[in-house]
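Following: one structure in structure tokens, then a few remarks.
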Protein chains: 2
Amino acid sequence: MMKWWGWGSVDVEFPMAHKPALWPWICEQVGLPAEAEPTGPVPRSAVVLPEPVVNTAFLGAVEKALKPEQILRGEDERLLHAYGKSYPDLLRVRRGQVDRAPDAVILPAGHADVEAVVRAAHAHGVIVIPFGGGTNIVGGVNPPGGERRMVVSLDLRNMNRILAMDEASQTATIEGGALGPKLEEDLQRRGWSLGHHPDSFEFSTLGGWLATRSAGMQSDAYGKIEDMVVSLRMVTPAGTLTTRPAPRAATGPDLNQMAVGSEGVLGVITEATMRVHPNPPVRAYHGFLFPNFEAGYQAIYECATGRFPPSLFRLSDARETDLAFHMKRPDTGLKALVTGAFKTYLARKGYAAPCLMIVGFEGRPEAVNPLRAGAFGILKKHQGFHLGTKVGASWSRDKYNLPYLRDYVMDYGVMADVAETSTVWSNLLPLYHAAKKRLEDRFRADNKPFYLGCHISHTYKTGASLYFTFAAHMTPGRELEEYYRYKRLITEAFVTHGGTLSHHHAVGIEHQDWIEREVTPTGVRALRGLKAALDPGGIMNPGKLIPPGD
Amino acid sequence: MMKWWGWGSVDVEFPMAHKPALWPWICEQVGLPAEAEPTGPVPRSAVVLPEPVVNTAFLGAVEKALKPEQILRGEDERLLHAYGKSYPDLLRVRRGQVDRAPDAVILPAGHADVEAVVRAAHAHGVIVIPFGGGTNIVGGVNPPGGERRMVVSLDLRNMNRILAMDEASQTATIEGGALGPKLEEDLQRRGWSLGHHPDSFEFSTLGGWLATRSAGMQSDAYGKIEDMVVSLRMVTPAGTLTTRPAPRAATGPDLNQMAVGSEGVLGVITEATMRVHPNPPVRAYHGFLFPNFEAGYQAIYECATGRFPPSLFRLSDARETDLAFHMKRPDTGLKALVTGAFKTYLARKGYAAPCLMIVGFEGRPEAVNPLRAGAFGILKKHQGFHLGTKVGASWSRDKYNLPYLRDYVMDYGVMADVAETSTVWSNLLPLYHAAKKRLEDRFRADNKPFYLGCHISHTYKTGASLYFTFAAHMTPGRELEEYYRYKRLITEAFVTHGGTLSHHHAVGIEHQDWIEREVTPTGVRALRGLKAALDPGGIMNPGKLIPPGD
């Protein structure tokens, strides 16, 4: 489990000491005085949880089906399951504010346990919130404020096995609670890989990925998580849905794609048969510099829509590139990049505000080599300056560290958050410029120094994703109010300018106000129809994804 | 429109005269005496349609919104929309048996017309059956027997335009009624292609493909129709669903994949934005012979799961290969194959019961050439004997002819039908053998000479499709009863042995008895929930896909 007040393992902090250029640069970006003193979260002892609601009939039924050690009612577990890891979540929990926590945490040991718990919950009117790794940043695992029924957080951490491998079919049947690193290790030991590495990889689970339509870094090669599902089992209050393991079918609406993305509001995904691939012997990440964002975009566009699509593209705009440069450790290849001489050289060549691209290739050498040669030809044609693999290795090493940095800056009253979307190629740069301008204009109008960077990643034949990171110092006492001004503004910009409400973070609570515009009122009606059919008592993760009815 | 009594254009018949070896061979297969005389369908004048049900309030509302020429109530149009093209459909209509026909055929000119018709139908309790090209073979366009409400067949034939091209994003927005040949011609004129060529291509439409999860022959390269959808509009009685054109999203269950495969029971798909690709300069189809089905399977498996997946694979088993050989025209490359000398040569080399493979490559030469070289290496390793491109060209020319052959043999009392499924690689050959054995055993137990052939096609990383064709002479007067013994038996074999109920023919009426086993009762409940939400009055294509409730 992660820290109750922030991201990641209790014994891990952002390695600021190894990045001497970073803190002064951050302070400058967000207008923080260099002498600012950090304020940590309140001590654990200051966090008071609300009295638990106890449904004794439900507990009795569950105690009959499960072992005592599977039913946790202690305050530490309740606190750990009270929030996900969004900025508002962390802001509240760091203050010690817990208005509603789960009343119990239940650890099923397998599919049958989940069926028993959901059956009992349905019979006795108890709320069930599926919980994977708790990394959700849209409010997806939070108990609904003011909920008077008993709330159970159903934590699948012990359902983490590979149940079956079908090597001939290149599929693995995996339990929903399988955590990224262990799952990938289990697969790689057998010579296979799922190849799904979202930013949350270290602390998130297969079930969570499926429930939120997660995207891994190498999605260009392996697809988003929904592209890898062959079949699944989902326990709903109306019974268990089991789909057939087949590559494709013509048997009505795709029920896999109904369960995927359902965010726990229809049921609990207990297992899934996933497409896997032979563990690639080559995993190469290269850095390139482009003179501007447009040139890098053109290079990505030509590769992704043509014959040489890499397994990973990540093109940072100038400001995100600046952040990356300041993340350098003295011992990495990035060191050279920030030396004065190299900067002068780049500026003279037209790279005054360079944009960093990470491009990744995975597979067997005989497949990777021609692909890489073809892609490099295109990148260079668009003025891509090859930095070699050290930058890529450095990026790969640091890639899971950014959420720790958010905790670090929050100690100084700095809000840091992300917003992501996707759109078709013809709209990608217009959407980028529109969203960026709206947020920048607002920060400037508010007279607030800010950081706003973006990268293009997750490419497809028809389009790609945009991923923004933004940070600013919040006025003490007005953090949430100020935060939502910016968060809502950029979300609004996405939806207004033809982007999706989310490419891979899901809807939860935070994006719910826009779901009707995203899928039209008829789409929301369809979702309500599904919910009514599979969860007639409204016990599954209520208040998420689907807005309250009339 | 097609013939009222059979497949295809009124002026086209199966070119039996050009295939001198075929008819004697067929007679031998199904035990038909060579001197058998054909009996055609009853004359058009002998077909008596039931009196139309007229809902004057509905007609009044529609007449206000549409032009008079859009509302057809003549008997010829009603008859043409009374059936699809399944064997039972044709059997009944050839006898002149029409128990229920649509009471009117309405031709919307655009999305707004569809909205007006569906709104009026919902208000006045009139059944709406969306109609594309009418090629459905699972009962998908048939009015429900005994329906007392007015039934409208909503024929989208005039909604056949490309509404927008987004060349940068490689997408085209197309109306649902666009017919295969015209659509492909319109796209190719602009330099693009959808690349979707199902067997029904000449007479089927985009909306029909989407509603039934159709698969084109080159699906290995371009995916099934559901893989090409970027966004769509579907008119439902509860309003219009419009999804966002984005490559991927994380905004709940995928509503594109809910509309796709919905077989008209939720609404009418009026337009869709589809992924297209540059019209390939190379379209090459090669023939290969394998000594047996297993060797060909191994070759396909290695290509499809590895680095050299062609755009089309079609491996016939020995008996289907025999049929292909007898389809030869004197002027094709297949001629040599049936000469005695060549057969003797093959037999000596171990190809006593050879299996024909068609393998296709599409794209730019620089992409096709290395792919073809790699694939050929694998095919030859598995004893593939390269027959050149004449066989491929012959196959390509004849590929849309088989449904005409069915009409031809029906004149002689011969039933001919197809059944298709898909499964994961590890189960493909076991499923093939199991389904084949069950049907063969039954034909033999019935003492009925028969034809039963199969091909593997539509490959994926995790599996492929099996496509069976079977034929036998039916006892006069017992055709339907006998037919359903075989049809139900092979469907049962698919579902029992781990196959899908259908890979690309859909559910309709014919497969409905198995849908609960296919998707579990919870899955059916989900479908009913969707239906209740979007079509609360139950007017959209009732009786299809979803079995009647309790």
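Residue numbering restarts at 1 for every chain of the structure tokens, chains are lettered A, B, ... in their displayed order, and ligands are numbered from 1 as they appear.
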
Exercise. Find the spatial neighbours of stretch 403-418 of chain B, counting only C-alpha atoms, within a cut-off of 7 Å - ignore same-chain residues fewer than 4 positions away - and output them as a count of residues only.
Key: 16

Exercise. Can you check which residues of chain A have any atom within 7 Å of chain B? Use only C-alpha atoms and format it as an MDAnalysis selection string.
Key: chainID A and resid 168:171 212:213 238:254 257:262 275 422:426 460 462:464 500:507 518:520 522:523 525:526 529:530 532:534 545

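Nearest-residue note for A:Ala304: choosing from A:Ala318, A:Ala82, A:Phe58, A:Leu371, the minimum distance belongs to A:Leu371, counting only C-alpha atoms.
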
Practice problem: Write out as number ranges by chain which residues come within 12 Å of A:Arg157 when counting only C-alpha atoms, dropping same-chain ones fewer than 4 positions away. | Solution: A: 1, 70, 105-110, 130-134, 153, 161, 175-180, 182-183, 203-208, 270

Self-check item: Separation of atom CA of A:Phe290 from atom CA of A:Tyr351, in Å and rounded to one decimal
Solution: 6.9 Å

Quiz item: If you count only C-alpha atoms, which residues fall within 9 Å of B:Gly195, apart from same-chain ones fewer than 4 positions away, as a ChimeraX atom specification?
Solution: /B:184,216-219,221-222,276-277,279

Expected file contents, prior selection, N, CA, C and O atoms, as a PDB file, in the first residue's frame:
ATOM      1  N   GLU B 184     -16.747   2.315 -52.185  1.00  0.00           N
ATOM      2  CA  GLU B 184     -15.334   2.074 -52.474  1.00  0.00           C
ATOM      3  C   GLU B 184     -14.890   2.890 -53.695  1.00  0.00           C
ATOM      4  O   GLU B 184     -13.793   3.439 -53.717  1.00  0.00           O
ATOM      5  N   GLY B 216     -14.505  -8.034 -43.571  1.00  0.00           N
ATOM      6  CA  GLY B 216     -14.105  -8.035 -44.972  1.00  0.00           C
ATOM      7  C   GLY B 216     -12.967  -9.018 -45.192  1.00  0.00           C
ATOM      8  O   GLY B 216     -12.309  -9.447 -44.243  1.00  0.00           O
ATOM      9  N   MET B 217     -12.756  -9.360 -46.479  1.00  0.00           N
ATOM     10  CA  MET B 217     -11.735 -10.365 -46.777  1.00  0.00           C
ATOM     11  C   MET B 217     -10.344  -9.947 -46.327  1.00  0.00           C
ATOM     12  O   MET B 217      -9.533 -10.783 -45.950  1.00  0.00           O
ATOM     13  N   GLN B 218     -10.047  -8.641 -46.402  1.00  0.00           N
ATOM     14  CA  GLN B 218      -8.716  -8.165 -46.004  1.00  0.00           C
ATOM     15  C   GLN B 218      -8.691  -7.725 -44.540  1.00  0.00           C
ATOM     16  O   GLN B 218      -7.917  -6.846 -44.166  1.00  0.00           O
ATOM     17  N   SER B 219      -9.511  -8.365 -43.707  1.00  0.00           N
ATOM     18  CA  SER B 219      -9.570  -7.925 -42.301  1.00  0.00           C
ATOM     19  C   SER B 219      -8.242  -8.120 -41.595  1.00  0.00           C
ATOM     20  O   SER B 219      -7.971  -7.464 -40.597  1.00  0.00           O
ATOM     21  N   ALA B 221      -5.508  -7.117 -42.556  1.00  0.00           N
ATOM     22  CA  ALA B 221      -4.783  -5.857 -42.688  1.00  0.00           C
ATOM     23  C   ALA B 221      -5.539  -4.694 -42.056  1.00  0.00           C
ATOM     24  O   ALA B 221      -4.940  -3.832 -41.413  1.00  0.00           O
ATOM     25  N   TYR B 222      -6.859  -4.656 -42.226  1.00  0.00           N
ATOM     26  CA  TYR B 222      -7.602  -3.454 -41.856  1.00  0.00           C
ATOM     27  C   TYR B 222      -8.542  -3.658 -40.678  1.00  0.00           C
ATOM     28  O   TYR B 222      -9.150  -2.706 -40.206  1.00  0.00           O
ATOM     29  N   VAL B 276      -9.936   5.206 -42.879  1.00  0.00           N
ATOM     30  CA  VAL B 276      -9.655   4.756 -44.242  1.00  0.00           C
ATOM     31  C   VAL B 276      -8.139   4.732 -44.420  1.00  0.00           C
ATOM     32  O   VAL B 276      -7.395   5.148 -43.520  1.00  0.00           O
ATOM     33  N   HIS B 277      -7.680   4.220 -45.550  1.00  0.00           N
ATOM     34  CA  HIS B 277      -6.240   4.160 -45.787  1.00  0.00           C
ATOM     35  C   HIS B 277      -5.968   4.475 -47.252  1.00  0.00           C
ATOM     36  O   HIS B 277      -6.861   4.319 -48.104  1.00  0.00           O
ATOM     37  N   ASN B 279      -5.376   4.299 -50.934  1.00  0.00           N
ATOM     38  CA  ASN B 279      -5.716   3.224 -51.867  1.00  0.00           C
ATOM     39  C   ASN B 279      -4.437   2.488 -52.274  1.00  0.00           C
ATOM     40  O   ASN B 279      -3.545   3.086 -52.843  1.00  0.00           O
TER      41      ASN B 279
END

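Among the candidate residues A:Asn292, A:Gln383, A:Ser86, A:Ser311, the one lying nearest to A:Ser457 is A:Ser311, with distances computed using only C-alpha atoms.
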